[in-house]
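A.B. asks: Next comes input04.txt, compact mmCIF, C-alpha atoms:
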```txt
# COMPACT_ATOMS: atom_id res chain seq x y z
CA MET A 1 99.35 130.91 101.22
CA SER A 2 96.96 133.16 99.32
CA GLY A 3 93.50 132.67 97.89
CA PHE A 4 92.25 130.45 100.72
CA THR A 5 89.93 131.13 103.65
CA ARG A 6 89.77 128.68 106.55
CA ARG A 7 86.26 127.93 107.77
CA GLN A 8 84.26 125.28 109.48
CA LEU A 9 82.75 122.73 107.08
CA PRO A 10 79.30 122.01 108.50
CA LEU A 11 78.12 118.46 108.27
CA VAL A 12 75.15 119.51 106.17
CA VAL A 13 77.58 120.39 103.37
CA LEU A 14 78.82 116.83 103.37
CA GLY A 15 75.36 115.29 103.39
CA ALA A 16 74.38 112.51 105.79
CA SER A 17 77.84 112.41 107.25
CA THR A 18 79.47 109.78 109.39
CA LEU A 19 82.70 111.75 109.44
CA GLY A 20 82.23 113.04 112.97
CA ALA A 21 82.90 116.62 114.02
CA ALA A 22 83.30 119.15 111.23
CA ALA A 23 86.92 120.01 110.53
CA ALA A 24 88.42 123.43 109.92
CA SER A 25 89.76 122.70 106.47
CA PRO A 26 89.38 123.83 102.87
CA LEU A 27 87.17 121.96 100.44
CA ILE A 28 89.08 121.52 97.18
CA ASP A 29 88.03 119.67 94.05
CA SER A 30 91.19 118.44 92.34
CA HIS A 31 89.45 117.20 89.20
CA VAL A 32 86.91 119.16 87.13
CA HIS A 33 86.46 119.22 83.36
CA LEU A 34 84.87 122.37 81.92
CA PHE A 35 83.73 122.71 78.30
CA ASP A 36 82.01 125.36 76.26
CA PRO A 37 82.20 124.60 72.52
CA GLU A 38 80.30 127.80 71.72
CA LYS A 39 83.13 129.87 73.17
CA VAL A 40 86.00 127.56 72.14
CA PRO A 41 85.21 124.85 69.57
CA TYR A 42 86.43 121.35 70.21
CA HIS A 43 89.72 120.36 68.61
CA PRO A 44 89.58 118.49 65.28
CA LYS A 45 91.39 115.60 67.01
CA ALA A 46 89.08 115.54 70.04
CA THR A 47 88.75 112.01 71.40
CA TYR A 48 85.15 112.73 72.43
CA LYS A 49 82.73 115.65 72.18
CA PRO A 50 80.75 116.01 75.39
CA PRO A 51 77.80 118.26 76.14
CA ALA A 52 78.77 121.70 77.36
CA ALA A 53 79.79 122.02 81.01
CA PRO A 54 80.40 125.76 81.10
CA LEU A 55 82.25 127.86 83.63
CA GLU A 56 79.22 129.95 84.55
CA THR A 57 77.17 126.91 85.60
CA TYR A 58 80.05 125.47 87.58
CA VAL A 59 80.73 128.72 89.44
CA LYS A 60 77.13 128.85 90.70
CA PHE A 61 77.36 125.26 91.88
CA ALA A 62 80.75 125.76 93.56
CA ALA A 63 79.36 128.70 95.53
CA GLU A 64 76.37 126.66 96.71
CA ALA A 65 78.59 123.71 97.65
CA LYS A 66 81.06 126.05 99.35
CA ILE A 67 84.03 124.73 97.39
CA ASP A 68 87.11 126.81 98.19
CA HIS A 69 89.29 125.97 95.18
CA THR A 70 89.20 123.85 92.06
CA VAL A 71 91.77 122.34 89.73
CA ILE A 72 90.50 122.39 86.15
CA VAL A 73 91.84 119.30 84.44
CA HIS A 74 92.26 120.46 80.86
CA PRO A 75 90.25 117.91 78.86
CA GLU A 76 90.97 115.90 75.73
CA PRO A 77 88.24 117.54 73.59
CA TYR A 78 90.45 120.64 73.53
CA GLN A 79 93.73 118.73 73.04
CA ASP A 80 96.59 121.28 73.19
CA ASP A 81 94.31 124.33 72.75
CA HIS A 82 94.21 125.98 76.18
CA ARG A 83 92.05 128.98 75.32
CA TYR A 84 89.06 127.87 77.38
CA LEU A 85 91.30 127.19 80.36
CA LYS A 86 92.53 130.78 80.10
CA TYR A 87 88.95 131.99 79.83
CA CYS A 88 88.15 130.22 83.10
CA PHE A 89 91.11 131.83 84.83
CA ASP A 90 90.13 135.26 83.49
CA HIS A 91 86.54 134.88 84.74
CA GLU A 92 87.02 133.01 88.02
CA PRO A 93 84.71 133.86 90.93
CA SER A 94 87.53 135.11 93.16
CA LYS A 95 91.22 135.72 92.70
CA GLY A 96 93.19 132.46 92.73
CA PHE A 97 90.09 130.25 92.85
CA PHE A 98 91.26 128.06 89.95
CA LYS A 99 94.42 126.30 88.93
CA GLY A 100 94.70 123.90 86.02
CA THR A 101 96.58 121.22 84.16
CA CYS A 102 97.85 121.34 80.60
CA LEU A 103 97.92 118.85 77.75
CA PHE A 104 100.72 118.65 75.22
CA ASP A 105 102.13 115.81 73.16
CA PRO A 106 104.80 114.37 75.48
CA ILE A 107 106.95 113.11 72.61
CA ALA A 108 106.80 116.29 70.50
CA GLU A 109 110.09 118.17 70.21
CA ASP A 110 108.49 121.55 70.92
CA THR A 111 106.56 120.51 74.03
CA PRO A 112 109.09 121.79 76.61
CA ALA A 113 109.11 125.22 74.95
CA ARG A 114 105.32 125.29 74.64
CA MET A 115 104.89 124.41 78.31
CA ALA A 116 107.27 127.18 79.31
CA ALA A 117 105.37 129.65 77.13
CA LEU A 118 102.03 128.62 78.66
CA LEU A 119 103.40 129.11 82.17
CA LYS A 120 104.59 132.57 81.19
CA GLU A 121 101.16 133.39 79.76
CA MET A 122 99.35 132.05 82.86
CA PRO A 123 101.81 132.58 85.73
CA GLY A 124 101.16 130.59 88.87
CA ARG A 125 98.18 128.77 87.38
CA ILE A 126 99.41 125.59 85.69
CA VAL A 127 100.16 122.81 88.16
CA ALA A 128 100.67 119.67 86.06
CA LEU A 129 101.08 118.10 82.65
CA ARG A 130 98.49 115.39 82.14
CA ILE A 131 99.50 112.23 80.28
CA HIS A 132 97.14 109.47 79.12
CA ALA A 133 98.11 105.78 78.93
CA ASN A 134 94.88 103.86 78.45
CA ALA A 135 95.34 101.96 75.20
CA ASP A 136 94.94 98.26 74.68
CA PRO A 137 98.57 97.08 75.00
CA ALA A 138 98.29 95.59 71.51
CA LYS A 139 97.70 99.11 70.16
CA TYR A 140 100.38 100.81 72.27
CA PRO A 141 102.22 103.08 71.69
CA THR A 142 100.91 105.77 69.37
CA HIS A 143 103.20 108.22 67.62
CA SER A 144 100.70 110.71 66.20
CA GLY A 145 97.02 111.57 66.24
CA PRO A 146 95.17 112.45 69.46
CA ILE A 147 97.50 113.15 72.37
CA ARG A 148 97.40 109.86 74.25
CA ASP A 149 99.15 106.54 74.66
CA ARG A 150 102.63 107.74 73.71
CA ASP A 151 105.64 105.58 74.56
CA LEU A 152 106.46 105.94 78.26
CA SER A 153 109.87 104.35 77.62
CA SER A 154 110.98 106.72 74.87
CA PRO A 155 113.78 109.30 75.20
CA GLU A 156 111.29 111.95 74.09
CA MET A 157 108.98 111.10 77.00
CA LYS A 158 111.85 111.32 79.46
CA ARG A 159 112.86 114.68 78.00
CA THR A 160 109.36 116.03 78.59
CA TRP A 161 109.28 114.71 82.15
CA LYS A 162 112.58 116.46 82.81
CA ALA A 163 111.23 119.70 81.37
CA THR A 164 108.12 119.33 83.53
CA ASP A 165 110.29 118.84 86.59
CA ASP A 166 112.48 121.81 85.68
CA LEU A 167 109.38 124.00 85.37
CA GLY A 168 108.21 123.03 88.86
CA LEU A 169 105.13 121.16 87.65
CA ALA A 170 103.72 117.75 88.49
CA ILE A 171 102.95 114.90 86.13
CA GLN A 172 99.32 113.77 86.23
CA MET A 173 98.82 110.24 84.93
CA HIS A 174 95.50 108.95 83.63
CA PHE A 175 96.29 105.29 83.05
CA ASN A 176 95.25 101.68 83.16
CA PRO A 177 97.03 99.44 85.70
CA TYR A 178 98.96 97.69 82.92
CA TYR A 179 101.15 100.78 82.59
CA ALA A 180 102.04 101.12 86.28
CA PRO A 181 105.49 99.48 85.97
CA LEU A 182 106.42 101.85 83.13
CA ILE A 183 105.28 104.81 85.20
CA HIS A 184 107.25 103.54 88.18
CA LYS A 185 110.45 103.24 86.17
CA LEU A 186 110.08 106.73 84.74
CA ALA A 187 108.95 108.46 87.93
CA ALA A 188 111.82 106.94 89.91
CA GLN A 189 114.18 109.03 87.79
CA PHE A 190 112.51 112.24 89.03
CA PRO A 191 112.13 111.64 92.78
CA ASP A 192 111.36 115.27 93.66
CA MET A 193 108.58 115.76 91.11
CA PRO A 194 105.01 115.03 92.23
CA VAL A 195 103.22 112.35 90.20
CA ILE A 196 99.43 112.32 90.54
CA LEU A 197 97.52 109.12 89.79
CA ASP A 198 94.01 109.75 88.52
CA HIS A 199 90.82 107.87 89.39
CA LEU A 200 92.28 105.45 91.97
CA GLY A 201 94.44 104.03 89.17
CA ARG A 202 91.31 102.63 87.47
CA PRO A 203 91.47 99.31 89.35
CA SER A 204 88.71 97.59 87.38
CA GLN A 205 90.59 97.92 84.10
CA GLY A 206 93.40 95.58 84.94
CA LYS A 207 94.24 92.21 86.43
CA PRO A 208 94.59 91.99 90.22
CA GLU A 209 98.37 91.66 89.96
CA GLU A 210 98.47 94.74 87.74
CA TYR A 211 96.72 96.77 90.43
CA ASP A 212 99.32 95.56 92.90
CA ALA A 213 101.83 97.42 90.69
CA VAL A 214 99.68 100.56 90.94
CA LEU A 215 99.84 100.39 94.73
CA ARG A 216 103.61 99.88 94.57
CA LEU A 217 103.85 103.35 93.05
CA SER A 218 103.39 104.52 96.64
CA GLU A 219 107.00 103.44 97.23
CA LEU A 220 107.96 106.65 95.46
CA PRO A 221 107.55 109.38 98.09
CA ARG A 222 106.13 112.02 95.74
CA THR A 223 103.29 109.98 94.24
CA TYR A 224 99.73 110.95 95.11
CA MET A 225 96.54 108.97 94.56
CA LYS A 226 93.41 110.81 93.52
CA TYR A 227 90.17 109.54 94.99
CA SER A 228 88.00 110.27 91.95
CA GLY A 229 86.25 108.52 89.09
CA THR A 230 84.54 106.10 91.46
CA THR A 231 82.07 105.12 88.73
CA TYR A 232 84.95 103.35 87.00
CA VAL A 233 85.29 100.95 89.93
CA LYS A 234 83.40 97.67 89.63
CA GLY A 235 83.05 95.67 92.78
CA ASP A 236 84.03 96.63 96.31
CA LEU A 237 85.05 100.30 96.35
CA ARG A 238 85.53 100.22 100.11
CA SER A 239 88.15 97.48 99.79
CA ILE A 240 90.01 99.43 97.11
CA VAL A 241 89.98 102.57 99.25
CA ARG A 242 91.35 100.71 102.24
CA ARG A 243 94.19 99.31 100.14
CA VAL A 244 94.94 102.75 98.72
CA HIS A 245 94.94 104.29 102.18
CA ALA A 246 97.22 101.56 103.51
CA ALA A 247 99.67 102.16 100.66
CA PHE A 248 99.67 105.94 100.30
CA GLY A 249 98.57 107.05 103.75
CA PRO A 250 96.37 110.05 104.54
CA ASP A 251 98.95 112.61 103.38
CA ARG A 252 99.04 111.45 99.75
CA ILE A 253 95.37 111.07 98.85
CA ILE A 254 93.43 113.93 97.27
CA TRP A 255 89.73 114.22 96.42
CA GLY A 256 88.44 114.96 92.93
CA THR A 257 85.20 114.86 90.92
CA LEU A 258 82.93 116.33 93.59
CA GLY A 259 80.21 116.85 90.99
CA MET A 260 78.71 119.54 88.79
CA ASN A 261 75.49 120.11 90.73
CA MET A 262 74.24 119.72 94.29
CA GLU A 263 72.65 116.34 93.70
CA GLN A 264 75.94 114.90 92.48
CA PHE A 265 77.84 116.67 95.25
CA ARG A 266 75.67 115.21 97.99
CA LYS A 267 76.01 111.75 96.47
CA GLU A 268 79.80 111.99 96.20
CA SER A 269 80.10 113.45 99.70
CA ALA A 270 78.02 110.67 101.21
CA LEU A 271 80.13 108.10 99.36
CA LEU A 272 83.33 109.67 100.68
CA ASP A 273 81.88 109.55 104.20
CA SER A 274 81.05 105.90 103.79
CA VAL A 275 84.25 104.52 102.28
CA PHE A 276 86.58 106.55 104.53
CA ASP A 277 84.65 105.91 107.75
CA PHE A 278 87.62 103.95 109.12
CA THR A 279 89.80 107.10 109.20
CA ASN A 280 89.86 109.88 111.78
CA ALA A 281 88.63 113.46 111.31
CA GLU A 282 92.14 114.86 110.88
CA ASP A 283 92.95 112.47 108.06
CA ARG A 284 89.64 113.13 106.32
CA ALA A 285 90.32 116.86 106.44
CA LYS A 286 93.59 116.21 104.61
CA ILE A 287 91.79 114.25 101.89
CA ARG A 288 89.00 116.83 101.54
CA GLY A 289 91.39 119.65 100.86
CA LEU A 290 94.49 120.13 102.99
CA ASN A 291 96.59 117.81 100.84
CA SER A 292 95.48 119.54 97.64
CA GLN A 293 96.07 122.96 99.19
CA LYS A 294 99.67 122.03 99.85
CA LEU A 295 100.29 120.07 96.65
CA PHE A 296 98.84 122.69 94.30
CA ARG A 297 100.03 125.68 96.34
CA PHE A 298 96.66 127.36 96.81
```
Please express what this file holds, its structure, as structure tokens.
C.D. replies:
Amino acid sequence: MSGFTRRQLPLVVLGASTLGAAAASPLIDSHVHLFDPEKVPYHPKATYKPPAAPLETYVKFAAEAKIDHTVIVHPEPYQDDHRYLKYCFDHEPSKGFFKGTCLFDPIAEDTPARMAALLKEMPGRIVALRIHANADPAKYPTHSGPIRDRDLSSPEMKRTWKATDDLGLAIQMHFNPYYAPLIHKLAAQFPDMPVILDHLGRPSQGKPEEYDAVLRLSELPRTYMKYSGTTYVKGDLRSIVRRVHAAFGPDRIIWGTLGMNMEQFRKESALLDSVFDFTNAEDRAKIRGLNSQKLFRF
């Protein structure tokens, strides 16, 4: 594997750690949004318009935090305009530091061809197609407008999943628990394609029985849960993490949203230490980076 240097992660990097002995493992952030509307304006159909979070600021932080690799999750403000993602690849701090996801309308007829063209333009860099399913069920599905909440049961959606599989990519789902059964039915038809579940499956945005369906996605051997977006969790995060770990095991959990500055990084690292204190050092090393290294082929 290229673009990766093994090193000891000192405990000071992880803050006031209870993780035990430092592990020889990469530190990989699987979930970062980068924006710079001065370089690439936000899309007219942007679902939100955040303050700038530019590449140059992130690169300085990543060096200080000693992050080995990062997956840039192409964000909704840019919709299907991937120019800033390309800019980040072209100006990365070291060769192969970044990989990224793409965003296309999963029911659009030209999406398979556009994905193939993007992979040709950015060879070896795109790792997943991200799909959003967060709508109030009463407003689901959408058929046009911003790229989100399309029909997971439609033939067009299945066609795009097949194209994604054929291209060797993963599907990355950002979803509310209500949609877990639909994801399960679709993902079961593509058993060899990785399916990444963002933000712990957003457990606080569904009924308890709906989150049970999220955890049942672990029955599919190529589903991965992303420990990220912890601010979305209301209530006992530790309990959620234990349930996720019991379902997915240490080999199918990845870490994302490590922060954009050292204050955030120390906070997120300390939280990781706390909620995963029931696991051993080997398993924590997998979650911190070894799983992402393998999954995203760094």
A.B. asks: Would you tabulate, counting all atoms listed in the file, all residues of segment 31-146 of chain A that have an atom at most 10 Å from an atom of segment 245-269 of chain A, showing the closest pair of atoms and their distance in Å to one decimal, sorted by chain then ascending number, as CSV?
C.D. replies:
```
residue,atom,partner,partner_atom,distance
A:His31,CA,A:Gly256,CA,4.5
A:Val32,CA,A:Thr257,CA,6.0
A:His33,CA,A:Thr257,CA,8.8
A:Leu34,CA,A:Met260,CA,9.7
A:Ala53,CA,A:Met260,CA,8.2
A:Thr57,CA,A:Met260,CA,8.2
A:Tyr58,CA,A:Met260,CA,6.2
A:Val59,CA,A:Met260,CA,9.4
A:Lys60,CA,A:Asn261,CA,8.9
A:Phe61,CA,A:Asn261,CA,5.6
A:Ala62,CA,A:Met260,CA,8.1
A:Glu64,CA,A:Met262,CA,7.7
A:Ala65,CA,A:Met262,CA,6.8
A:Ile67,CA,A:Leu258,CA,9.3
A:Thr70,CA,A:Gly256,CA,9.0
A:Val71,CA,A:Gly256,CA,8.7
```
A.B. asks: Neighbouring residues of Met122 of chain A were defined as those with any atom within 12 Å, considering only C-alpha atoms; residues of the same chain fewer than 3 positions away were excluded. Please report them as a PyMOL selection string.
C.D. replies: chain A and resi 82-83+85-90+96+98-102+115-119+125-127
A.B. asks: Could you please determine the separation between atom CA of Met173 of chain A and atom CA of Thr279 of chain A in Å, to one decimal place?
C.D. replies: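 Here the two named atoms are 26.1 Å from each other.
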A.B. asks: Could you tell me, as a VMD selection string, which residues have any atom at most 9 Å from (102.7, 118.3, 89.7), counting all atoms listed in the file?
C.D. replies: chain A and resid 101 126 to 129 164 to 165 168 to 172 193 to 196 295 to 296
A.B. asks: For Val241 of chain A, please output as a ChimeraX atom specification all residues within 10 Å (counting all atoms listed in the file; exclusion window: fewer than 2 positions along the same chain).
C.D. replies: /A:200,227,236-239,243-247,272,275-276
A.B. asks: Under the rule that only C-alpha atoms are counted, which of A:Ala135, A:Ala188, A:Ala52, A:Leu215 is the nearest residue to Pro37 of chain A?
C.D. replies: A:Ala52
A.B. asks: Nearest residue to Gln189 of chain A out of A:Lys139, A:Lys162, A:Val40, A:Asp80, using all atoms listed in the file?
C.D. replies: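 Distance minimum relative to Gln189 of chain A lands on A:Lys162.
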A.B. asks: My list of candidates is A:Ala46, A:Asp149, A:Lys39, A:Asp273. Which is closest to Ala285 of chain A when distances are computed with all atoms listed in the file?
C.D. replies: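 With all atoms listed in the file as the atom set, the closest residue is A:Asp273.
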A.B. asks: What would segment 150-166 of chain A look like with N, CA and C atoms in place, written as a PDB file, keeping the file's coordinate frame?
C.D. replies:
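Saved file selection_12.pdb follows:
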```pdb
ATOM      1  N   ARG A 150     101.268 107.652  74.227  1.00  0.00           N
ATOM      2  CA  ARG A 150     102.630 107.740  73.710  1.00  0.00           C
ATOM      3  C   ARG A 150     103.558 106.831  74.530  1.00  0.00           C
ATOM      4  N   ASP A 151     104.715 106.557  73.988  1.00  0.00           N
ATOM      5  CA  ASP A 151     105.640 105.580  74.560  1.00  0.00           C
ATOM      6  C   ASP A 151     106.279 106.116  75.845  1.00  0.00           C
ATOM      7  N   LEU A 152     105.920 105.514  76.971  1.00  0.00           N
ATOM      8  CA  LEU A 152     106.460 105.940  78.260  1.00  0.00           C
ATOM      9  C   LEU A 152     107.932 105.600  78.416  1.00  0.00           C
ATOM     10  N   SER A 153     108.451 104.744  77.536  1.00  0.00           N
ATOM     11  CA  SER A 153     109.870 104.350  77.620  1.00  0.00           C
ATOM     12  C   SER A 153     110.758 105.133  76.667  1.00  0.00           C
ATOM     13  N   SER A 154     110.201 106.042  75.906  1.00  0.00           N
ATOM     14  CA  SER A 154     110.980 106.720  74.870  1.00  0.00           C
ATOM     15  C   SER A 154     111.841 107.840  75.440  1.00  0.00           C
ATOM     16  N   PRO A 155     112.957 108.150  74.781  1.00  0.00           N
ATOM     17  CA  PRO A 155     113.780 109.300  75.200  1.00  0.00           C
ATOM     18  C   PRO A 155     112.997 110.596  75.171  1.00  0.00           C
ATOM     19  N   GLU A 156     112.080 110.722  74.206  1.00  0.00           N
ATOM     20  CA  GLU A 156     111.290 111.950  74.090  1.00  0.00           C
ATOM     21  C   GLU A 156     110.388 112.134  75.315  1.00  0.00           C
ATOM     22  N   MET A 157     109.806 111.036  75.797  1.00  0.00           N
ATOM     23  CA  MET A 157     108.980 111.100  77.000  1.00  0.00           C
ATOM     24  C   MET A 157     109.816 111.536  78.198  1.00  0.00           C
ATOM     25  N   LYS A 158     110.981 110.948  78.347  1.00  0.00           N
ATOM     26  CA  LYS A 158     111.850 111.320  79.460  1.00  0.00           C
ATOM     27  C   LYS A 158     112.250 112.786  79.372  1.00  0.00           C
ATOM     28  N   ARG A 159     112.509 113.271  78.173  1.00  0.00           N
ATOM     29  CA  ARG A 159     112.860 114.680  78.000  1.00  0.00           C
ATOM     30  C   ARG A 159     111.729 115.585  78.491  1.00  0.00           C
ATOM     31  N   THR A 160     110.497 115.214  78.163  1.00  0.00           N
ATOM     32  CA  THR A 160     109.360 116.030  78.590  1.00  0.00           C
ATOM     33  C   THR A 160     109.169 115.965  80.098  1.00  0.00           C
ATOM     34  N   TRP A 161     109.361 114.795  80.688  1.00  0.00           N
ATOM     35  CA  TRP A 161     109.280 114.710  82.150  1.00  0.00           C
ATOM     36  C   TRP A 161     110.350 115.591  82.802  1.00  0.00           C
ATOM     37  N   LYS A 162     111.534 115.609  82.244  1.00  0.00           N
ATOM     38  CA  LYS A 162     112.580 116.460  82.810  1.00  0.00           C
ATOM     39  C   LYS A 162     112.195 117.929  82.702  1.00  0.00           C
ATOM     40  N   ALA A 163     111.653 118.316  81.549  1.00  0.00           N
ATOM     41  CA  ALA A 163     111.230 119.700  81.370  1.00  0.00           C
ATOM     42  C   ALA A 163     110.114 120.053  82.355  1.00  0.00           C
ATOM     43  N   THR A 164     109.205 119.120  82.580  1.00  0.00           N
ATOM     44  CA  THR A 164     108.120 119.330  83.530  1.00  0.00           C
ATOM     45  C   THR A 164     108.678 119.536  84.935  1.00  0.00           C
ATOM     46  N   ASP A 165     109.631 118.714  85.299  1.00  0.00           N
ATOM     47  CA  ASP A 165     110.290 118.840  86.590  1.00  0.00           C
ATOM     48  C   ASP A 165     111.012 120.173  86.702  1.00  0.00           C
ATOM     49  N   ASP A 166     111.735 120.543  85.666  1.00  0.00           N
ATOM     50  CA  ASP A 166     112.480 121.810  85.680  1.00  0.00           C
ATOM     51  C   ASP A 166     111.561 123.017  85.819  1.00  0.00           C
TER      52      ASP A 166
END
```
